[in-house]
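**Q** Input file: protein03.txt. Contents: compact mmCIF, C-alpha atoms.
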# COMPACT_ATOMS: atom_id res chain seq x y z
CA MET A 114 -7.68 -76.27 -36.18
CA GLY A 115 -6.10 -74.47 -39.11
CA ALA A 116 -5.47 -71.34 -37.05
CA VAL A 117 -2.82 -68.79 -38.05
CA ILE A 118 -1.05 -66.52 -35.55
CA ARG A 119 0.51 -63.37 -37.02
CA PHE A 120 3.03 -61.03 -35.39
CA GLU A 121 3.06 -57.70 -37.22
CA LYS A 122 3.80 -54.09 -36.25
CA GLY A 123 3.74 -54.86 -32.55
CA GLU A 124 0.38 -56.62 -32.71
CA ILE A 125 -0.60 -60.30 -32.42
CA THR A 126 -3.60 -61.54 -34.42
CA LEU A 127 -5.25 -64.96 -34.49
CA GLU A 128 -6.94 -65.97 -37.76
CA VAL A 129 -9.34 -68.92 -37.91
CA ASN A 130 -11.83 -70.24 -40.43
CA ASP A 131 -15.47 -69.37 -39.81
CA GLN A 132 -16.19 -73.07 -39.22
CA GLN A 133 -13.62 -73.17 -36.39
CA TYR A 134 -14.72 -69.94 -34.70
CA MET A 135 -17.12 -71.55 -32.24
CA GLN A 136 -14.56 -74.20 -31.26
CA ILE A 137 -11.97 -71.52 -30.55
CA MET A 138 -14.48 -69.47 -28.53
CA GLY A 139 -15.36 -72.56 -26.52
CA LEU A 140 -11.72 -73.14 -25.65
CA LEU A 141 -11.15 -69.50 -24.73
CA LEU A 142 -14.18 -69.45 -22.45
CA ALA A 143 -13.53 -72.79 -20.78
CA THR A 144 -13.32 -72.43 -17.00
CA LEU A 145 -9.87 -73.31 -15.69
CA PRO A 146 -9.25 -74.51 -12.14
CA THR A 147 -8.15 -71.79 -9.75
CA GLU A 148 -4.57 -71.91 -8.48
CA GLY A 149 -5.43 -70.90 -4.94
CA LYS A 150 -7.90 -69.27 -2.60
CA ILE A 151 -8.06 -65.73 -1.34
CA ASN A 152 -6.64 -65.36 2.14
CA GLU A 153 -9.54 -65.79 4.58
CA GLU A 154 -8.34 -62.81 6.59
CA PHE A 155 -9.08 -60.57 3.61
CA VAL A 156 -12.33 -62.33 2.68
CA ASN A 157 -13.79 -61.70 6.13
CA GLN A 158 -13.01 -57.99 5.98
CA VAL A 159 -14.44 -57.29 2.53
CA TYR A 160 -17.76 -55.47 2.36
CA PRO A 161 -20.24 -58.33 1.67
CA ARG A 162 -22.01 -56.59 -1.22
CA VAL A 163 -18.76 -56.59 -3.22
CA TRP A 164 -19.07 -60.31 -3.96
CA ALA A 165 -20.81 -61.45 -7.13
CA THR A 166 -24.25 -63.02 -6.90
CA ASP A 167 -26.29 -65.15 -9.29
CA ILE A 168 -28.24 -62.07 -10.35
CA PRO A 169 -26.22 -59.41 -12.23
CA GLY A 170 -26.83 -55.86 -11.05
CA ARG A 171 -28.14 -53.11 -13.31
CA ALA A 172 -26.45 -49.77 -13.87
CA LYS A 173 -28.56 -47.01 -12.30
CA ASN A 174 -27.44 -44.14 -14.52
CA ALA A 175 -26.99 -45.86 -17.90
CA PRO A 176 -29.41 -45.04 -20.73
CA PRO A 177 -30.57 -47.89 -23.02
CA ILE A 178 -27.86 -48.76 -25.55
CA ASN A 179 -28.78 -47.95 -29.16
CA VAL A 180 -26.85 -50.23 -31.55
CA LYS A 181 -26.58 -48.68 -35.01
CA ILE A 182 -26.56 -50.64 -38.28
CA LYS A 183 -24.24 -49.50 -41.08
CA GLU A 184 -26.07 -47.85 -43.95
CA GLY A 185 -27.00 -50.24 -46.76
CA GLU A 186 -26.34 -53.42 -44.78
CA LYS A 187 -28.77 -56.34 -45.02
CA LEU A 188 -30.25 -58.22 -42.10
CA VAL A 189 -28.42 -61.28 -40.82
CA ARG A 190 -30.19 -64.62 -40.67
CA ILE A 191 -27.90 -67.61 -40.06
CA LYS A 192 -29.38 -71.02 -39.35
CA GLN A 193 -28.68 -72.59 -35.97
CA TYR A 194 -26.04 -75.34 -35.98
CA PRO A 195 -27.32 -78.80 -34.96
CA LEU A 196 -26.81 -79.28 -31.21
CA LYS A 197 -26.50 -82.48 -29.23
CA ARG A 198 -29.47 -83.26 -27.01
CA GLU A 199 -27.25 -83.17 -23.91
CA ASP A 200 -26.13 -79.64 -24.82
CA ARG A 201 -29.72 -78.47 -25.30
CA GLU A 202 -30.66 -80.09 -21.99
CA GLY A 203 -27.66 -78.46 -20.30
CA PHE A 204 -28.49 -75.00 -21.63
CA ARG A 205 -32.19 -75.19 -20.71
CA PRO A 206 -31.77 -74.20 -17.01
CA VAL A 207 -29.44 -71.36 -18.03
CA LYS A 208 -32.00 -70.11 -20.53
CA GLU A 209 -34.80 -70.33 -17.96
CA LYS A 210 -32.77 -68.50 -15.33
CA PHE A 211 -31.78 -65.74 -17.77
CA GLN A 212 -35.44 -65.26 -18.68
CA GLN A 213 -36.41 -65.12 -15.03
CA ILE A 214 -33.87 -62.41 -14.18
CA ARG A 215 -34.65 -60.46 -17.35
CA LEU A 216 -31.52 -60.99 -19.39
CA LEU A 217 -33.33 -62.86 -22.18
CA LYS A 218 -36.85 -62.73 -23.59
CA GLU A 219 -38.77 -64.58 -26.29
CA CYS A 220 -39.17 -62.70 -29.56
CA GLU A 221 -39.98 -62.90 -33.25
CA SER A 222 -37.11 -61.48 -35.26
CA SER A 223 -35.91 -61.39 -38.85
CA TYR A 224 -32.38 -61.69 -37.46
CA ASN A 225 -30.81 -64.91 -36.23
CA THR A 226 -27.31 -66.00 -35.25
CA PRO A 227 -26.22 -69.41 -33.92
CA ILE A 228 -25.32 -70.35 -30.36
CA LEU A 229 -23.09 -73.04 -28.88
CA PRO A 230 -23.63 -74.19 -25.27
CA ILE A 231 -20.27 -74.82 -23.55
CA ARG A 232 -20.05 -77.21 -20.60
CA LYS A 233 -17.80 -75.95 -17.80
CA LEU A 234 -15.67 -78.03 -15.44
CA ASN A 235 -18.45 -77.95 -12.84
CA ARG A 236 -20.73 -79.54 -15.49
CA LEU A 237 -22.89 -76.43 -15.67
CA TYR A 238 -23.28 -74.67 -19.01
CA ARG A 239 -22.66 -71.27 -20.45
CA VAL A 240 -23.65 -70.06 -23.90
CA VAL A 241 -21.46 -68.64 -26.67
CA GLN A 242 -23.24 -66.75 -29.44
CA ASP A 243 -21.55 -66.36 -32.82
CA LEU A 244 -22.00 -62.63 -33.45
CA GLN A 245 -19.40 -62.31 -36.21
CA ALA A 246 -22.02 -61.43 -38.81
CA ILE A 247 -23.70 -58.89 -36.51
CA ASN A 248 -20.32 -57.32 -35.77
CA LYS A 249 -19.77 -56.81 -39.51
CA ILE A 250 -23.01 -54.89 -40.12
CA THR A 251 -23.01 -52.69 -37.01
CA GLU A 252 -21.20 -49.37 -36.77
CA ASP A 253 -17.78 -49.34 -35.14
CA LEU A 254 -17.06 -47.42 -31.98
CA TYR A 255 -13.61 -46.06 -31.37
CA PRO A 256 -12.40 -48.03 -28.33
CA VAL A 257 -11.26 -45.43 -25.80
CA VAL A 258 -9.39 -48.01 -23.73
CA ALA A 259 -6.21 -47.10 -21.91
CA ASN A 260 -3.02 -49.04 -22.54
CA PRO A 261 -2.67 -51.16 -19.37
CA TYR A 262 1.11 -50.68 -19.26
CA THR A 263 0.75 -46.90 -19.51
CA LEU A 264 -2.05 -46.97 -16.94
CA LEU A 265 0.08 -48.78 -14.37
CA THR A 266 2.81 -46.14 -14.59
CA ALA A 267 0.45 -43.84 -12.66
CA LEU A 268 1.10 -45.92 -9.53
CA THR A 269 3.86 -44.65 -7.28
CA PRO A 270 6.34 -47.07 -5.60
CA ASP A 271 4.87 -46.45 -2.14
CA LEU A 272 1.49 -47.92 -3.17
CA THR A 273 2.38 -51.48 -2.26
CA TRP A 274 -1.04 -52.89 -1.31
CA ILE A 275 -3.30 -53.76 -4.22
CA THR A 276 -6.98 -54.73 -4.47
CA VAL A 277 -8.42 -55.72 -7.86
CA LEU A 278 -12.17 -55.95 -8.44
CA ASP A 279 -13.23 -57.95 -11.50
CA LEU A 280 -16.83 -57.02 -12.30
CA LYS A 281 -18.64 -60.29 -13.06
CA ASP A 282 -21.01 -60.34 -16.07
CA ALA A 283 -20.44 -56.61 -16.33
CA PHE A 284 -21.98 -56.15 -19.78
CA PHE A 285 -25.29 -57.53 -18.48
CA SER A 286 -25.64 -54.44 -16.28
CA LEU A 287 -26.39 -52.23 -19.30
CA PRO A 288 -29.85 -52.31 -20.93
CA LEU A 289 -30.32 -52.57 -24.70
CA HIS A 290 -32.71 -50.17 -26.39
CA GLU A 291 -35.94 -52.08 -27.02
CA ALA A 292 -35.89 -51.23 -30.74
CA ARG A 293 -32.48 -52.89 -31.13
CA GLN A 294 -32.90 -56.01 -29.01
CA THR A 295 -34.05 -58.25 -31.88
CA ILE A 296 -30.71 -57.79 -33.70
CA PHE A 297 -29.21 -60.31 -31.29
CA ALA A 298 -31.90 -63.01 -31.65
CA PHE A 299 -31.06 -66.71 -31.66
CA GLU A 300 -33.01 -69.94 -32.04
CA TRP A 301 -33.81 -72.28 -29.18
CA GLU A 302 -35.28 -75.78 -29.47
CA ASN A 303 -36.92 -77.32 -26.42
CA PRO A 304 -35.34 -80.79 -26.10
CA LYS A 305 -38.52 -82.29 -24.61
CA ILE A 306 -41.18 -81.19 -27.09
CA ARG A 307 -38.93 -80.27 -30.05
CA CYS A 308 -40.59 -76.87 -30.26
CA LYS A 309 -38.48 -74.01 -31.66
CA THR A 310 -38.66 -70.40 -30.50
CA GLN A 311 -36.46 -67.33 -30.75
CA LEU A 312 -34.85 -65.57 -27.82
CA THR A 313 -32.96 -62.30 -27.68
CA TRP A 314 -30.97 -60.24 -25.20
CA ILE A 315 -32.51 -57.44 -23.17
CA VAL A 316 -29.03 -56.40 -22.01
CA LEU A 317 -25.69 -55.78 -23.70
CA PRO A 318 -24.52 -59.22 -24.92
CA GLN A 319 -21.11 -60.81 -24.64
CA GLY A 320 -19.45 -61.34 -28.01
CA PHE A 321 -20.67 -58.03 -29.46
CA LYS A 322 -17.64 -56.07 -30.69
CA ASN A 323 -18.64 -52.79 -29.03
CA SER A 324 -19.59 -54.20 -25.62
CA PRO A 325 -16.17 -53.60 -23.97
CA ALA A 326 -15.98 -49.99 -25.20
CA ILE A 327 -19.60 -49.20 -24.29
CA PHE A 328 -19.28 -50.64 -20.80
CA GLY A 329 -15.85 -49.13 -20.16
CA ASN A 330 -17.11 -45.66 -21.10
CA GLN A 331 -20.19 -45.97 -18.88
CA LEU A 332 -18.19 -47.20 -15.90
CA ALA A 333 -15.71 -44.35 -16.35
CA LYS A 334 -18.61 -41.86 -16.21
CA ASP A 335 -19.96 -43.48 -13.05
CA LEU A 336 -16.53 -43.25 -11.39
CA GLU A 337 -15.92 -39.59 -12.32
CA SER A 338 -17.47 -38.33 -9.09
CA TRP A 339 -15.13 -40.45 -6.94
CA GLU A 340 -11.99 -38.75 -5.70
CA ALA A 341 -9.57 -40.07 -3.12
CA ARG A 342 -7.44 -37.86 -0.91
CA SER A 343 -3.79 -37.90 -1.91
CA ASP A 344 -2.93 -39.89 1.22
CA GLU A 345 -5.55 -42.59 0.58
CA GLY A 346 -4.09 -44.15 -2.54
CA GLN A 347 -5.27 -44.38 -6.11
CA MET A 348 -7.95 -46.09 -8.20
CA LEU A 349 -7.48 -47.20 -11.82
CA GLN A 350 -10.09 -48.58 -14.22
CA TYR A 351 -9.48 -50.86 -17.20
CA VAL A 352 -12.72 -51.90 -19.01
CA ASP A 353 -14.48 -53.99 -16.30
CA ASP A 354 -11.58 -54.22 -13.84
CA ILE A 355 -10.98 -51.76 -11.01
CA LEU A 356 -7.60 -51.57 -9.25
CA ILE A 357 -7.25 -49.86 -5.88
CA ALA A 358 -3.69 -49.21 -4.67
CA THR A 359 -2.88 -48.04 -1.13
CA ARG A 360 0.13 -47.52 1.10
CA THR A 361 -0.94 -49.75 3.96
CA LYS A 362 -2.76 -53.02 4.49
CA GLU A 363 -5.37 -51.31 6.69
CA MET A 364 -6.26 -48.83 3.95
CA CYS A 365 -6.41 -51.63 1.39
CA ILE A 366 -9.00 -53.73 3.22
CA THR A 367 -11.19 -50.82 4.28
Could you render the structure from this file as structure tokens?

**A**
Amino acid sequence: MGAVIRFEKGEITLEVNDQQYMQIMGLLLATLPTEGKINEEFVNQVYPRVWATDIPGRAKNAPPINVKIKEGEKLVRIKQYPLKREDREGFRPVKEKFQQIRLLKECESSYNTPILPIRKLNRLYRVVQDLQAINKITEDLYPVVANPYTLLTALTPDLTWITVLDLKDAFFSLPLHEARQTIFAFEWENPKIRCKTQLTWIVLPQGFKNSPAIFGNQLAKDLESWEARSDEGQMLQYVDDILIATRTKEMCIT
């Protein structure tokens, strides 16, 4: 694919041509088969509302996210790549569902960036949006993200039972400010009638450079009020993952 991997000053970077970006993203987001199942004993004792559903939740205390454009930058309008009919057909139910649960809406926007539907192993589709150009014209946020290795040093040796919660579709829980939603517009062509429309995100999109930092900061604020007694264990947060460490199995599953 013409990719270059660089190791420099303790960091690893992957460089690809713009033409290969969507292919790389598709590979990174491909769903891999799971290696095993969670022990049924634990599954049956987990609070039912912990499990992910088909409808992402919304953050109760989060204000609408205002994405700022760098001064002097021009609008981005990139033509949609040609898509196979089967990919457009595969993405159609995803698009309809996202509109129904208020993640996407139709719009008319001067902005446009391309999408690539990716078929998963279960033959369902997910969508990857190429937001490279949007990431270049929007202001940077300093990512206040803890080093995971440093974070884990806070755990004491007696905390031997671990629960990890991976928040599914976490970015979708944060609303976008209405005035900034059209920045993330993309083109959609109905495979049946060949009619083209634009859609955009109502919520914080995946692929936007500041999404991890914005969500991580909001989740940290929401968790500030939670305090465990010293004998109950410890909770750590890393972006959209929450780790709960306890001394006993009973404390871990309750």

**Q** Any idea what's packed within 6 Å of Leu289 in chain A, counting only C-alpha atoms, ignoring anything in its chain fewer than 3 positions away? Could you give it as a list in words?

**A**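 After dropping sequence-adjacent residues, the list is Pro177, Ile178, Ile315, Val316 and Leu317 of chain A.
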
**Q** Rounded to one decimal in Å, what is the spacing between CA of Phe284 in chain A and CA of Lys192 in chain A?

**A**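 CA of Phe284 in chain A sits 25.7 Å away from CA of Lys192 in chain A.
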
**Q** Using only C-alpha atoms, which residue out of A:Lys210, A:Arg360, A:Lys233, A:Lys218 lies closest to Ile168 in chain A?

**A** A:Lys210

**Q** Please, which residues are within 7 Å of (-38.6, -55.5, -34.7) by the file's coordinates, counting only C-alpha atoms, and could they come as a PyMOL selection string?

**A** chain A and resi 222+292+295

**Q** With C-alpha atoms kept, could you save the residues just selected as a PDB file, keeping the file's coordinate frame?

**A**
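Result file again14.pdb:
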ATOM      1  CA  SER A 222     -37.110 -61.480 -35.260  1.00  0.00           C
ATOM      2  CA  ALA A 292     -35.890 -51.230 -30.740  1.00  0.00           C
ATOM      3  CA  THR A 295     -34.050 -58.250 -31.880  1.00  0.00           C
TER       4      THR A 295
END

**Q** Contacts of Leu237 in chain A at 10 Å or less, counting all atoms listed in the file, minus same-chain residues fewer than 6 places along, as a ChimeraX atom specification?

**A** /A:203-204,206-207,230-231

**Q** Go ahead and compute the interatomic distance for CA of Glu345 in chain A and CA of Ala267 in chain A, in Å to one decimal.

**A**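 Straight-line distance from CA of Glu345 in chain A to CA of Ala267 in chain A works out to 14.6 Å.
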
**Q** Using all atoms listed in the file, which protein or nucleic acid residues come within 8 Å of Ala358 in chain A? Drop anything in the same chain fewer than 2 positions from it, and give the result as an MDAnalysis selection string.

**A** chainID A and resid 268 272:276 346:348 356 360 365

**Q** May I ask which of the residues A:Val277, A:Val180, A:Cys308, A:Ile250 is the closest one to Asn323 in chain A, counting all atoms listed in the file?

**A**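 Counting all atoms listed in the file, the residue closest to Asn323 in chain A is A:Val180.
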
**Q** List as number ranges by chain the protein and nucleic acid residues near Gly320 in chain A, meaning an atom at most 7 Å away when only C-alpha atoms are counted, but skip any in the same chain fewer than 2 places from it.

**A** A: 242, 244, 318, 322

**Q** Can you measure CA of Asp167 in chain A to CA of Gln350 in chain A for me? One decimal in Å is fine.

**A**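 That distance, rounded to one decimal, is 23.7 Å.
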
**Q** Quick one: axis-aligned box around all listed atoms of range 257-275 of chain A, 5 Å on every side, centre and edge lengths in Å to one decimal, written as JSON.

**A**
{"center_x": -2.5, "center_y": -48.8, "center_z": -13.6, "size_x": 27.6, "size_y": 19.9, "size_z": 34.5}

**Q** Please identify all polymer residues within 12 Å of range 152-165 of chain A, counting all atoms listed in the file, omitting same-chain residues fewer than 2 positions from it, and present them as a VMD selection string.

**A** chain A and resid 149 to 150 167 to 170 275 to 283 362 to 367

**Q** Those same residues - C-alpha atoms - I'd like them written as a PDB file, in the frame of the given file.

**A**
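This went into part25.pdb:
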ATOM      1  CA  GLY A 149      -5.430 -70.900  -4.940  1.00  0.00           C
ATOM      2  CA  LYS A 150      -7.900 -69.270  -2.600  1.00  0.00           C
ATOM      3  CA  ASP A 167     -26.290 -65.150  -9.290  1.00  0.00           C
ATOM      4  CA  ILE A 168     -28.240 -62.070 -10.350  1.00  0.00           C
ATOM      5  CA  PRO A 169     -26.220 -59.410 -12.230  1.00  0.00           C
ATOM      6  CA  GLY A 170     -26.830 -55.860 -11.050  1.00  0.00           C
ATOM      7  CA  ILE A 275      -3.300 -53.760  -4.220  1.00  0.00           C
ATOM      8  CA  THR A 276      -6.980 -54.730  -4.470  1.00  0.00           C
ATOM      9  CA  VAL A 277      -8.420 -55.720  -7.860  1.00  0.00           C
ATOM     10  CA  LEU A 278     -12.170 -55.950  -8.440  1.00  0.00           C
ATOM     11  CA  ASP A 279     -13.230 -57.950 -11.500  1.00  0.00           C
ATOM     12  CA  LEU A 280     -16.830 -57.020 -12.300  1.00  0.00           C
ATOM     13  CA  LYS A 281     -18.640 -60.290 -13.060  1.00  0.00           C
ATOM     14  CA  ASP A 282     -21.010 -60.340 -16.070  1.00  0.00           C
ATOM     15  CA  ALA A 283     -20.440 -56.610 -16.330  1.00  0.00           C
ATOM     16  CA  LYS A 362      -2.760 -53.020   4.490  1.00  0.00           C
ATOM     17  CA  GLU A 363      -5.370 -51.310   6.690  1.00  0.00           C
ATOM     18  CA  MET A 364      -6.260 -48.830   3.950  1.00  0.00           C
ATOM     19  CA  CYS A 365      -6.410 -51.630   1.390  1.00  0.00           C
ATOM     20  CA  ILE A 366      -9.000 -53.730   3.220  1.00  0.00           C
ATOM     21  CA  THR A 367     -11.190 -50.820   4.280  1.00  0.00           C
TER      22      THR A 367
END

**Q** In the coordinate frame of the file, compute which residues have an atom within 12 Å of (-40.4, -61.3, -34.3) when using only C-alpha atoms, and state them as a PyMOL selection string.

**A** chain A and resi 218-225+292-300+310-313

**Q** Looking at A:Asn330, A:Arg201, A:Ile125, A:Ile118, which one is nearest to Lys309 in chain A, with distances taken over only C-alpha atoms?

**A**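 Checking each of A:Asn330, A:Arg201, A:Ile125, A:Ile118 against Lys309 in chain A, counting only C-alpha atoms, the winner is A:Arg201.
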
**Q** Considering all atoms listed in the file, can you say which of A:Asn260, A:Gln319, A:Gln213, A:Asn179 comes closest to Gln245 in chain A?

**A**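 Among the listed residues, the smallest separation from Gln245 in chain A belongs to A:Gln319.
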
**Q** A:Leu287, A:Ala333, A:Asp271, A:Glu128: which is nearest Ala116 in chain A, counting all atoms listed in the file?

**A** A:Glu128

**Q** For Ala175 in chain A, which residue among A:Tyr194, A:Phe285, A:Trp339, A:Trp314 is the nearest when counting all atoms listed in the file?

**A** A:Phe285
